[in-house]
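First the structure, in the form of structure tokens, and then the observations on it.
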Amino acid sequence: MYAIVETGGKQYRVEKGRPVRVEKLPLEKGEEIVFDRVLLYSDGSGTMIGQPYLDNCRVKGTVTVQGRGPKIVVFKYKPKKNYRRKMGHRQPFTEIMIREIEI
């Protein structure tokens, strides 16, 4: 059983009992969250597709981690002009443990 939910402008495939990393949400560790923008739901017997969302389907989860991803290096330069800029970036994320998919 799995569902596809939309949050933070992106779509994620979620399954019960598995964590999912989404764009940073303004929640504390241990808080509960409900995703009501469910695009697709599938169990072993069939699949339901929303137009654009499923009305009667919700996904519940608990925030487990508020963190930052690995560092990436952004380096810009222009040849023969002595122009160099080096910056780093760590993208913030929220990790959510999916508790149940209601239909």
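In the structure tokens, the first chain shown is A, the next is B, and so on; residue numbers restart at 1 for each chain, and ligands run from 1 in the order shown.
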DSSP strand (DSSP E) residues within chain A, as number ranges by chain: A: 2-7, 10-15, 19-23, 32-35, 38-42, 47-49, 58-68, 72-78, 83-89, 92-102
Rows by chain and residue number, range 7-78 of chain A within 7 Å of range 89-92 of chain A, shortest pair, only C-alpha atoms, as JSON lines:
```
{"residue": "A:Glu23", "atom": "CA", "partner": "A:Pro92", "partner_atom": "CA", "distance": 6.9}
{"residue": "A:Lys24", "atom": "CA", "partner": "A:Pro92", "partner_atom": "CA", "distance": 5.7}
{"residue": "A:Gly67", "atom": "CA", "partner": "A:Pro92", "partner_atom": "CA", "distance": 5.8}
{"residue": "A:Arg68", "atom": "CA", "partner": "A:Pro92", "partner_atom": "CA", "distance": 4.1}
{"residue": "A:Gly69", "atom": "CA", "partner": "A:Gln91", "partner_atom": "CA", "distance": 5.2}
{"residue": "A:Pro70", "atom": "CA", "partner": "A:Arg90", "partner_atom": "CA", "distance": 5.8}
{"residue": "A:Lys71", "atom": "CA", "partner": "A:Arg90", "partner_atom": "CA", "distance": 4.8}
{"residue": "A:Ile72", "atom": "CA", "partner": "A:His89", "partner_atom": "CA", "distance": 5.4}
{"residue": "A:Val73", "atom": "CA", "partner": "A:His89", "partner_atom": "CA", "distance": 6.6}
```
Residue with smallest distance to Gln66 in chain A - pool A:Glu15, A:Glu100, A:Glu31, A:Asp36, counting only C-alpha atoms: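 Comparing A:Glu15, A:Glu100, A:Glu31, A:Asp36 against Gln66 in chain A, the winner is A:Glu31.
By only C-alpha atoms, and with residues fewer than 3 positions from Phe75 in chain A along its chain excluded, the set lying at most 10 Å from it is A:Ile72, A:Arg84, A:Arg85, A:Lys86, A:Met87, A:Gly88.
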